[in-house]
>>> print(open('target_10.csv').read())   # CSV, C-alpha atoms
chain,number,residue,atom,x,y,z
A,1,ALA,CA,-20.1,7.4,34.5
A,2,LEU,CA,-16.3,7.7,34.1
A,3,LEU,CA,-16.0,3.9,34.3
A,4,LEU,CA,-18.7,3.4,31.7
A,5,GLY,CA,-16.9,5.9,29.4
A,6,ALA,CA,-13.6,4.0,29.8
A,7,LEU,CA,-15.3,0.7,29.1
A,8,ALA,CA,-16.9,2.1,25.9
A,9,VAL,CA,-13.6,3.2,24.6
A,10,MET,CA,-12.1,-0.3,25.4
A,11,VAL,CA,-14.8,-2.1,23.4
A,12,ALA,CA,-14.9,0.3,20.4
A,13,PRO,CA,-14.6,-1.6,17.1
A,14,GLY,CA,-11.4,-1.5,15.2
A,15,PHE,CA,-8.3,-3.7,14.9
A,16,GLY,CA,-5.3,-4.2,12.9
A,17,TYR,CA,-3.0,-7.1,12.1
A,18,GLN,CA,-0.4,-8.4,9.6
A,19,LEU,CA,-1.6,-10.3,6.6
A,20,GLU,CA,0.1,-13.2,5.0
A,21,VAL,CA,1.6,-12.4,1.6
A,22,SER,CA,1.5,-15.0,-1.2
A,23,PRO,CA,4.9,-16.7,-1.7
A,24,ASN,CA,4.5,-16.3,-5.4
A,25,ASP,CA,2.8,-12.9,-5.9
A,26,GLN,CA,3.5,-9.8,-3.8
A,27,CYS,CA,0.0,-8.4,-4.8
A,28,LEU,CA,-1.9,-11.2,-3.0
A,29,ALA,CA,-2.4,-11.3,0.7
A,30,ARG,CA,-4.9,-13.0,3.0
A,31,GLY,CA,-6.0,-13.0,6.6
A,32,ASN,CA,-9.1,-13.6,8.8
A,33,GLY,CA,-11.0,-15.3,5.9
A,34,THR,CA,-10.4,-12.5,3.4
A,35,CYS,CA,-8.3,-12.4,0.2
A,36,PHE,CA,-6.8,-9.2,-1.1
A,37,ASN,CA,-5.7,-8.9,-4.7
A,38,LEU,CA,-4.1,-5.6,-5.6
A,39,ARG,CA,-4.1,-6.6,-9.3
A,40,GLU,CA,-7.9,-6.3,-9.3
A,41,VAL,CA,-7.9,-2.7,-8.1
A,42,MET,CA,-6.3,-1.1,-11.2
A,43,SER,CA,-3.7,-1.4,-13.9
A,44,PHE,CA,-0.1,-0.7,-12.8
A,45,PRO,CA,2.5,0.9,-13.2
A,46,VAL,CA,1.1,4.4,-12.5
A,47,SER,CA,3.0,7.7,-12.9
A,48,LEU,CA,2.3,10.4,-10.3
A,49,PHE,CA,3.6,13.9,-9.6
A,50,GLY,CA,4.6,14.9,-6.2
A,51,LYS,CA,5.9,18.1,-4.6
A,52,ASP,CA,8.8,20.1,-6.1
A,53,ASN,CA,8.0,18.6,-9.6
A,54,TYR,CA,9.2,15.1,-8.4
A,55,THR,CA,7.7,12.2,-10.3
A,56,TYR,CA,7.0,8.7,-9.0
A,57,MET,CA,6.5,5.5,-10.9
A,58,VAL,CA,4.3,3.2,-8.8
A,59,SER,CA,4.3,-0.5,-9.6
A,60,PRO,CA,3.3,-2.6,-6.6
A,61,CYS,CA,2.7,-5.9,-8.4
A,62,ASP,CA,5.6,-6.3,-10.7
A,63,ALA,CA,9.2,-5.2,-10.6
A,64,TYR,CA,9.8,-1.8,-12.2
A,65,ARG,CA,13.4,-1.2,-13.4
A,66,CYS,CA,14.3,2.3,-12.0
A,67,PRO,CA,16.9,4.1,-14.1
A,68,SER,CA,19.0,4.0,-10.9
A,69,GLY,CA,19.5,0.3,-11.9
A,70,ASP,CA,17.3,-1.4,-9.2
A,71,ASP,CA,14.1,-3.4,-9.5
A,72,VAL,CA,11.6,-1.6,-7.3
A,73,HIS,CA,7.9,-1.0,-6.5
A,74,VAL,CA,8.4,2.8,-6.5
A,75,CYS,CA,10.9,4.9,-8.4
A,76,GLN,CA,11.4,8.6,-7.6
A,77,HIS,CA,12.7,11.1,-10.1
A,78,ALA,CA,14.0,14.2,-8.3
A,79,ASP,CA,17.5,15.6,-9.1
A,80,GLN,CA,18.3,12.1,-10.2
A,81,TYR,CA,16.5,8.7,-10.0
A,82,TYR,CA,16.1,7.1,-6.5
A,83,SER,CA,14.9,3.6,-5.6
A,84,CYS,CA,12.3,4.0,-2.9
A,85,ASP,CA,12.5,0.3,-2.1
A,86,GLN,CA,13.8,-3.0,-3.3
A,87,PHE,CA,11.5,-5.4,-5.1
A,88,ALA,CA,13.4,-8.4,-3.8
A,89,GLN,CA,12.4,-7.5,-0.2
A,90,ARG,CA,9.0,-8.8,0.7
A,91,PRO,CA,6.4,-6.1,1.5
A,92,ILE,CA,4.6,-6.1,4.8
A,93,TRP,CA,0.8,-5.9,4.5
A,94,LEU,CA,-1.3,-4.6,7.5
A,95,TRP,CA,-5.1,-4.7,7.7
A,96,ASN,CA,-6.5,-1.8,9.8
A,97,SER,CA,-10.0,-1.4,11.1
A,98,GLU,CA,-13.2,-3.1,10.0
A,99,TRP,CA,-14.2,-5.1,6.9
A,100,PHE,CA,-14.0,-3.2,3.6
A,101,GLY,CA,-17.4,-1.9,2.7
A,102,SER,CA,-18.6,-1.6,6.3
A,103,GLY,CA,-16.8,1.5,7.6
A,104,SER,CA,-15.2,4.7,6.6
A,105,HIS,CA,-11.8,4.0,8.0
A,106,ALA,CA,-11.1,0.5,6.6
A,107,ARG,CA,-7.8,0.2,4.9
A,108,VAL,CA,-4.9,-2.1,4.0
A,109,SER,CA,-1.4,-0.6,4.3
A,110,ILE,CA,1.6,-2.0,2.5
A,111,LEU,CA,5.1,-1.2,3.6
A,112,TYR,CA,7.9,-1.5,1.0
A,113,THR,CA,11.5,-1.1,2.3
A,114,GLY,CA,15.2,-1.1,1.3
A,115,GLY,CA,15.4,2.0,-0.9
A,116,THR,CA,18.3,4.3,-1.6
A,117,ASN,CA,19.5,6.0,1.7
A,118,TRP,CA,16.9,4.2,3.8
A,119,ARG,CA,13.9,5.2,1.6
A,120,ASN,CA,10.7,3.3,2.1
A,121,VAL,CA,7.1,3.4,0.8
A,122,MET,CA,3.7,3.2,2.5
A,123,LEU,CA,0.9,2.4,0.2
A,124,ASN,CA,-2.6,2.7,1.7
A,125,ILE,CA,-5.6,1.1,0.1
A,126,ILE,CA,-8.6,3.0,1.6
A,127,TYR,CA,-12.3,2.2,1.4
A,128,ASP,CA,-14.3,5.1,0.0
A,129,PRO,CA,-17.9,4.4,-1.1
A,130,THR,CA,-18.0,7.6,-3.2
A,131,VAL,CA,-15.2,6.5,-5.6
A,132,VAL,CA,-16.3,5.4,-9.1
A,133,THR,CA,-12.8,4.5,-10.3
A,134,PRO,CA,-9.8,3.9,-8.1
A,135,GLN,CA,-7.8,7.1,-7.4
A,136,VAL,CA,-4.0,7.1,-6.6
A,137,VAL,CA,-2.5,10.1,-5.0
A,138,PHE,CA,0.9,11.0,-3.5
A,139,THR,CA,0.2,12.2,0.0
A,140,GLY,CA,3.6,13.3,1.0
A,141,GLU,CA,7.0,12.5,2.5
A,142,ASN,CA,6.5,12.0,6.2
A,143,PRO,CA,8.6,11.0,8.1
A,144,TYR,CA,11.7,11.9,6.1
A,145,LEU,CA,12.4,9.5,3.2
A,146,GLN,CA,9.0,7.7,3.6
A,147,TYR,CA,6.9,8.2,0.5
A,148,ASN,CA,3.2,7.8,1.2
A,149,PHE,CA,0.5,7.0,-1.4
A,150,ASP,CA,-3.2,6.4,-1.1
A,151,ILE,CA,-5.4,4.4,-3.4
A,152,ARG,CA,-9.1,5.1,-2.8
A,153,VAL,CA,-11.3,2.2,-3.8
A,154,LYS,CA,-15.0,1.2,-3.6
A,155,LYS,CA,-14.2,-2.4,-3.1
A,156,PHE,CA,-11.1,-4.4,-1.9
A,157,GLY,CA,-11.1,-7.8,-0.5
A,158,SER,CA,-13.1,-11.0,-1.1
A,159,THR,CA,-14.0,-14.1,0.8
A,160,ASP,CA,-13.3,-16.4,-2.2
A,161,TYR,CA,-10.9,-19.0,-0.8
A,162,PRO,CA,-8.3,-20.2,-1.5
A,163,CYS,CA,-6.5,-17.0,-2.4
A,164,TRP,CA,-3.7,-19.0,-3.9
A,165,GLU,CA,-2.5,-22.6,-4.0
>>> encode(input="target_10.csv", output="structure tokens")
Amino acid sequence: ALLLGALAVMVAPGFGYQLEVSPNDQCLARGNGTCFNLREVMSFPVSLFGKDNYTYMVSPCDAYRCPSGDDVHVCQHADQYYSCDQFAQRPIWLWNSEWFGSGSHARVSILYTGGTNWRNVMLNIIYDPTVVTPQVVFTGENPYLQYNFDIRVKKFGSTDYPCWE
């Protein structure tokens, strides 16, 4: 029985791997026969409130000029403006779990790096069949200087190839 339990855990569905990001658009990625286009999810940039009355401007598709002077995906306003990443650095897209629309844990995570004092951003696009319109939330700073955001969507990903030329 113990051996069967161990085998069941080993064959449980779920996987994750890095997606290829378009060379011309940081909001397009593809992998395993699926295209992902963040531009189809919602309009950006989006302004969000975090803890301690901090605000965040989230612009994953186009460079946002943070008052700190940098072009970024996410700008933080705390006691001053901070660049949470550098737009010039390519994001890393990861596809975790099963196909979007088939399971409750399907998500794509996008990591943006190179911000002020080693800041970085993790943006998770999470499948949620109950969402009518996409919802963006700041989920916290953990670990220190990593700013985490979730976008809950009803649909993300398509099998329409090619994703880009």
>>> closest_residue(input="target_10.csv", among="A:Pro91, A:Pro23, A:Gly16, A:Pro162", to="Leu111 (chain A)", atoms="all atoms listed in the file")
A:Pro91
>>> atom_distance(input="target_10.csv", atom1="CA of Ile92 (chain A)", atom2="CA of Ile110 (chain A)")
5.6 Å
>>> atom_distance(input="target_10.csv", atom1="CA of Glu20 (chain A)", atom2="CA of Val46 (chain A)")
24.8 Å
>>> residues_near_point(input="target_10.csv", point="(-16.3, -0.2, -11.8)", cutoff="10 Å", atoms="only C-alpha atoms", output="PDB file with C-alpha atoms, in the coordinates of the input")
ATOM      1  CA  VAL A  41      -7.900  -2.700  -8.100  1.00  0.00           C
ATOM      2  CA  VAL A 131     -15.200   6.500  -5.600  1.00  0.00           C
ATOM      3  CA  VAL A 132     -16.300   5.400  -9.100  1.00  0.00           C
ATOM      4  CA  THR A 133     -12.800   4.500 -10.300  1.00  0.00           C
ATOM      5  CA  PRO A 134      -9.800   3.900  -8.100  1.00  0.00           C
ATOM      6  CA  VAL A 153     -11.300   2.200  -3.800  1.00  0.00           C
ATOM      7  CA  LYS A 154     -15.000   1.200  -3.600  1.00  0.00           C
ATOM      8  CA  LYS A 155     -14.200  -2.400  -3.100  1.00  0.00           C
TER       9      LYS A 155
END
>>> residues_near_point(input="target_10.csv", point="(16.6, 2.7, -10.7)", cutoff="12 Å", atoms="all atoms listed in the file", output="JSON, numbers by chain")
{"A": [56, 57, 63, 64, 65, 66, 67, 68, 69, 70, 71, 72, 73, 74, 75, 76, 77, 80, 81, 82, 83, 84, 85, 86, 87, 115, 116]}
>>> atom_distance(input="target_10.csv", atom1="CA of Cys27 (chain A)", atom2="CA of Tyr144 (chain A)")
25.8 Å
>>> closest_residue(input="target_10.csv", among="A:Asn96, A:Gly50, A:Gln89, A:Asp160", to="Gly140 (chain A)", atoms="only C-alpha atoms")
A:Gly50
>>> closest_residue(input="target_10.csv", among="A:Val58, A:Ala29, A:Leu19, A:Leu94", to="Phe138 (chain A)", atoms="all atoms listed in the file")
A:Val58
>>> residues_around(input="target_10.csv", residues="Thr139 (chain A)", least_positions_apart="2", cutoff="7 Å", atoms="only C-alpha atoms", output="ChimeraX atom specification")
/A:137,148-150
>>> closest_residue(input="target_10.csv", among="A:Val121, A:Phe36, A:Pro129, A:Ser22", to="Gly157 (chain A)", atoms="only C-alpha atoms")
A:Phe36
>>> closest_residue(input="target_10.csv", among="A:Thr130, A:Asn32, A:Ser47, A:Asn120", to="Asn142 (chain A)", atoms="only C-alpha atoms")
A:Asn120
